[in-house]
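Worksheet: the structure to be examined is printed underneath.
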Amino acid sequence: MNHSFLTFGAAVLAASTPMFVSTVCAAQAEPEKLVVPAFTAYSEPDPESIQFSESDGVTGWKDKSQSLSWFGFIKHTGRLTPSIELKLSSGSSSTLKLTIDGHSSTAEAAGSDVVSTVAFKPVAIKHAGYYKFCLEPVSKVGAVFGDIKALSLSGPAVAEAHFNLKERRNAASVHLIYPLPQDIKAQWFYNEVTVKTDPIWSYYMACGFRRGYFGIQVNSPTERRIIFSIWDSGNEAVDRTKVSADDRVTLLAKGEGVDAGSFGNEGTGGHSHMVYPWKTGDTYRFLVAVQPDGTHTTYSGYFYFPEKQQWGLIARFRAPKDGGYLNGLYSFNENFGGANGEKRRLAEFGNQWIKTDDGKWIELTNAKFSHDKTGRGDRLDYSSGVVNGRFYLSNGGFVANGVKYGDPMQRPAGSKPPTDIVLPNVTDHVR
């Protein structure tokens with residue numbers, strides 16, 4: 001289980017104006033030349049077959065079936081001249097092919113034990129947009145096709161081009177924040193999620209709130225999970241063994257087949273997950289219920305199992321230094337493994353409702369868009385809006401629709417409240 005999303009989720013709730021701006025465009029002193037580090041590329045089809053590092057660039061490229069790809073937004077039309085900076089040992093050589101917007105050219109590299117430049121034919125950029133720069137191996141003499149150091153671009157089309165220049169290759173995390181009416185005591189938070197794309201290392205979080213999160217994740221090519229977790233009190237960010245008993249979340253109950261334990265490294269708390277084969281295109285229902293009790297609040301996460309046609313408990317936690325109702329409600333998409341950060345993650349979130357402490361249902365039809373610090377300048381390929389009466393979030397895939405941090409959006413009202421919910425009776429553990 002990767003908890004990298006915790007930092008981003010918590011940051012959403014602050015709802016402050018982004019202060020971090022990354023310099024990711026071409027240097028202004030030399031607007032017609034841009035050097036894109038090799039470690040920002042992606043290997044396909046196996047994202048982990050080649051080594052990427054900030055110090056060494058791309059190394060270990062031996063497999064002819066693997067290609068390297070960079071992605072960037074080209075703002076201006078005109079000539080663009082590409083080249084690759086690489087290093088080959090003496091006596092080695094390789095032939096490489098670079099494809100840009102359907103135009104390919106090949107070039108040969110000879111080993112010299114120093115970094116050299118391999119030039120490819122210029123291409124004409126005819127429209128602004130995201131472009132893929134795909135480097136493919138043709139042949140080699142020696143152990144590798146080359147240790148790649150950078151993709152270099154020059155020419156008029158490069159002015160103001162935008163590429164991620166950071167070693168972090170994750171797509172930006174993107175969020176929907178659901179404002180609540182003032183003085184509302186929300187005891188239930190209900191949401192539905194339909195996942196449209198499912199690359200590994202994706203987390204689609206349906207019910208986020210000030211104290212925790214609840215959603216579904218793609219952990220490997222063969223494993224998917226339902227995840228429900230609650231943060232401890234206090235300020236410990238890494239090691240839960242350092243959290244005092246007074247600040248620790250306590251597990252009260254968990255559903256059949258659910259694993260429960262602790263997490264750390266990006267906040268600490270109680271974690272639960274269930275391996276479950278959810279599918280793209282299907283709509284899944286989530287419910288978080290709370291019960292304040294003095295200075296504590298009990299948080300319960302329920303998931304509707306369509307094959308059983310019934311609700312089941314994932315886990316129930318008692319959180320100290322709380323005593324409040326649900327607030328800070330949100331959803332998000334996250335790419336928690338950057339090796340395939342070029343893949344698009346798309347999900348729809350719909351039919352959001354809260355139920356107050358006096359039994360009143362209130363439909364949530366408004367949301368605000370947000371993103372993590374990666375979305376402030378390094379990665380701008382995200383989109384959000386309303387489709388088929390539901391909110392959607394998209395991150396990665398180098399697809400953008402111009403949505404900005406804090407942009408409001410509204411889905412149509414009029415759906416029916418989920419009054420058919422019948423929750424299971426679960427006996428809590430002894431506190």
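Labeling convention for the structure tokens: chains A, B, ... as they appear, residues from 1 per chain, ligands from 1 in order of appearance.
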
Which residues come within 10 Å of Gly102 of chain A, counting only C-alpha atoms, excluding same-chain residues fewer than 3 positions away, as an MDAnalysis selection string? chainID A and resid 98:99 123 132:134

Output as a tab-separated table one row per residue of segment 59-89 of chain A within 12 Å of segment 360-382 of chain A: the closest atom pair and its distance in Å to one decimal place, counting only C-alpha atoms, sorted by chain and residue number ascending.
residue	atom	partner	partner_atom	distance
A:Phe71	CA	A:Asp381	CA	10.2
A:Gly72	CA	A:Arg379	CA	9.5
A:Phe73	CA	A:Leu380	CA	9.2

Pull N, CA and C atoms from the residues just selected and write them as a compact mmCIF listing (two decimals), in the first residue's frame.
# COMPACT_ATOMS: atom_id res chain seq x y z
N PHE A 71 7.11 13.76 -23.25
CA PHE A 71 5.87 14.43 -23.62
C PHE A 71 5.99 15.90 -23.24
N GLY A 72 5.54 16.77 -24.14
CA GLY A 72 5.58 18.19 -23.83
C GLY A 72 4.57 18.98 -24.62
N PHE A 73 4.25 20.16 -24.11
CA PHE A 73 3.31 21.04 -24.80
C PHE A 73 4.09 22.04 -25.63

Give me, as JSON, numbers by chain, all polymer residues having an atom no more than 6 Å from segment 331-341 of chain A, counting only C-alpha atoms and skipping those fewer than 4 positions away in the same chain. {"A": [47, 169, 170, 171, 173, 174, 175, 176, 201, 202, 203, 204, 205, 206, 207, 208]}

Would you export the selected residues with N, CA and C atoms as an mmCIF file, in the first residue's frame, please?
data_model
loop_
_atom_site.group_PDB
_atom_site.id
_atom_site.type_symbol
_atom_site.label_atom_id
_atom_site.label_comp_id
_atom_site.auth_asym_id
_atom_site.auth_seq_id
_atom_site.Cartn_x
_atom_site.Cartn_y
_atom_site.Cartn_z
ATOM 1 N N PRO A 47 7.260 -0.277 -17.875
ATOM 2 C CA PRO A 47 7.720 0.974 -17.270
ATOM 3 C C PRO A 47 8.909 0.819 -16.343
ATOM 4 N N ARG A 169 8.025 11.777 -11.797
ATOM 5 C CA ARG A 169 7.315 11.588 -13.059
ATOM 6 C C ARG A 169 5.834 11.280 -12.855
ATOM 7 N N ASN A 170 5.347 11.386 -11.626
ATOM 8 C CA ASN A 170 3.928 11.161 -11.358
ATOM 9 C C ASN A 170 3.083 12.237 -12.010
ATOM 10 N N ALA A 171 1.910 11.855 -12.483
ATOM 11 C CA ALA A 171 0.927 12.856 -12.888
ATOM 12 C C ALA A 171 0.485 13.617 -11.643
ATOM 13 N N SER A 173 -1.813 14.981 -8.772
ATOM 14 C CA SER A 173 -3.047 14.543 -8.129
ATOM 15 C C SER A 173 -4.090 15.637 -8.287
ATOM 16 N N VAL A 174 -5.324 15.241 -8.579
ATOM 17 C CA VAL A 174 -6.394 16.217 -8.818
ATOM 18 C C VAL A 174 -7.583 15.899 -7.923
ATOM 19 N N HIS A 175 -8.314 16.947 -7.527
ATOM 20 C CA HIS A 175 -9.329 16.797 -6.502
ATOM 21 C C HIS A 175 -10.615 17.546 -6.846
ATOM 22 N N LEU A 176 -11.691 17.049 -6.290
ATOM 23 C CA LEU A 176 -12.971 17.750 -6.247
ATOM 24 C C LEU A 176 -13.284 18.045 -4.794
ATOM 25 N N TRP A 201 -0.959 1.516 -10.239
ATOM 26 C CA TRP A 201 -0.546 2.627 -9.391
ATOM 27 C C TRP A 201 -1.513 3.808 -9.494
ATOM 28 N N SER A 202 -2.803 3.467 -9.553
ATOM 29 C CA SER A 202 -3.859 4.490 -9.568
ATOM 30 C C SER A 202 -4.698 4.363 -8.308
ATOM 31 N N TYR A 203 -5.101 5.505 -7.756
ATOM 32 C CA TYR A 203 -6.010 5.508 -6.611
ATOM 33 C C TYR A 203 -7.149 6.472 -6.917
ATOM 34 N N TYR A 204 -8.369 5.952 -6.868
ATOM 35 C CA TYR A 204 -9.569 6.752 -7.100
ATOM 36 C C TYR A 204 -10.297 6.844 -5.760
ATOM 37 N N MET A 205 -10.216 7.992 -5.149
ATOM 38 C CA MET A 205 -10.713 8.166 -3.799
ATOM 39 C C MET A 205 -12.089 8.821 -3.838
ATOM 40 N N ALA A 206 -13.104 8.119 -3.336
ATOM 41 C CA ALA A 206 -14.488 8.575 -3.421
ATOM 42 C C ALA A 206 -14.851 9.509 -2.290
ATOM 43 N N CYS A 207 -14.609 9.056 -1.060
ATOM 44 C CA CYS A 207 -15.045 9.798 0.128
ATOM 45 C C CYS A 207 -13.840 10.231 0.940
ATOM 46 N N GLY A 208 -13.370 11.436 0.664
ATOM 47 C CA GLY A 208 -12.327 12.031 1.481
ATOM 48 C C GLY A 208 -12.949 13.015 2.460
#

Pick out the residues sitting within 12 Å of Leu165 of chain A, and hand them over as a VMD selection string; count only C-alpha atoms, and ignore anything fewer than 2 positions along from it in its own chain. chain A and resid 22 to 27 34 to 41 54 70 to 72 150 to 151 161 to 163 167 to 170 374 377 to 379

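Distance annotation: of A:Asn164, A:Gln66, A:Thr283, A:Asn191, the residue with the minimal separation from Ile354 of chain A is A:Asn191; atom set is only C-alpha atoms.
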
List every residue of segment 206-320 of chain A that DSSP, applied to the backbone of this structure, assigns to helix (DSSP H, G or I), and report them as a PyMOL selection string. chain A and resi 240-242+245-247

Could you save those same residues with C-alpha atoms as an mmCIF file, in the first residue's frame?
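For reference, selection_23.cif as written:
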data_model
loop_
_atom_site.group_PDB
_atom_site.id
_atom_site.type_symbol
_atom_site.label_atom_id
_atom_site.label_comp_id
_atom_site.auth_asym_id
_atom_site.auth_seq_id
_atom_site.Cartn_x
_atom_site.Cartn_y
_atom_site.Cartn_z
ATOM 1 C CA ARG A 240 3.717 5.532 14.140
ATOM 2 C CA THR A 241 5.676 4.012 17.004
ATOM 3 C CA LYS A 242 6.377 7.590 18.068
ATOM 4 C CA ALA A 245 -1.588 6.199 22.887
ATOM 5 C CA ASP A 246 -3.679 9.339 23.416
ATOM 6 C CA ASP A 247 -3.183 10.293 19.765
#

May I ask for the distance between atom CA of Phe145 of chain A and atom CA of Leu80 of chain A, given in Å to one decimal place?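 Atom-to-atom, atom CA of Phe145 of chain A and atom CA of Leu80 of chain A are spaced 24.3 Å apart.
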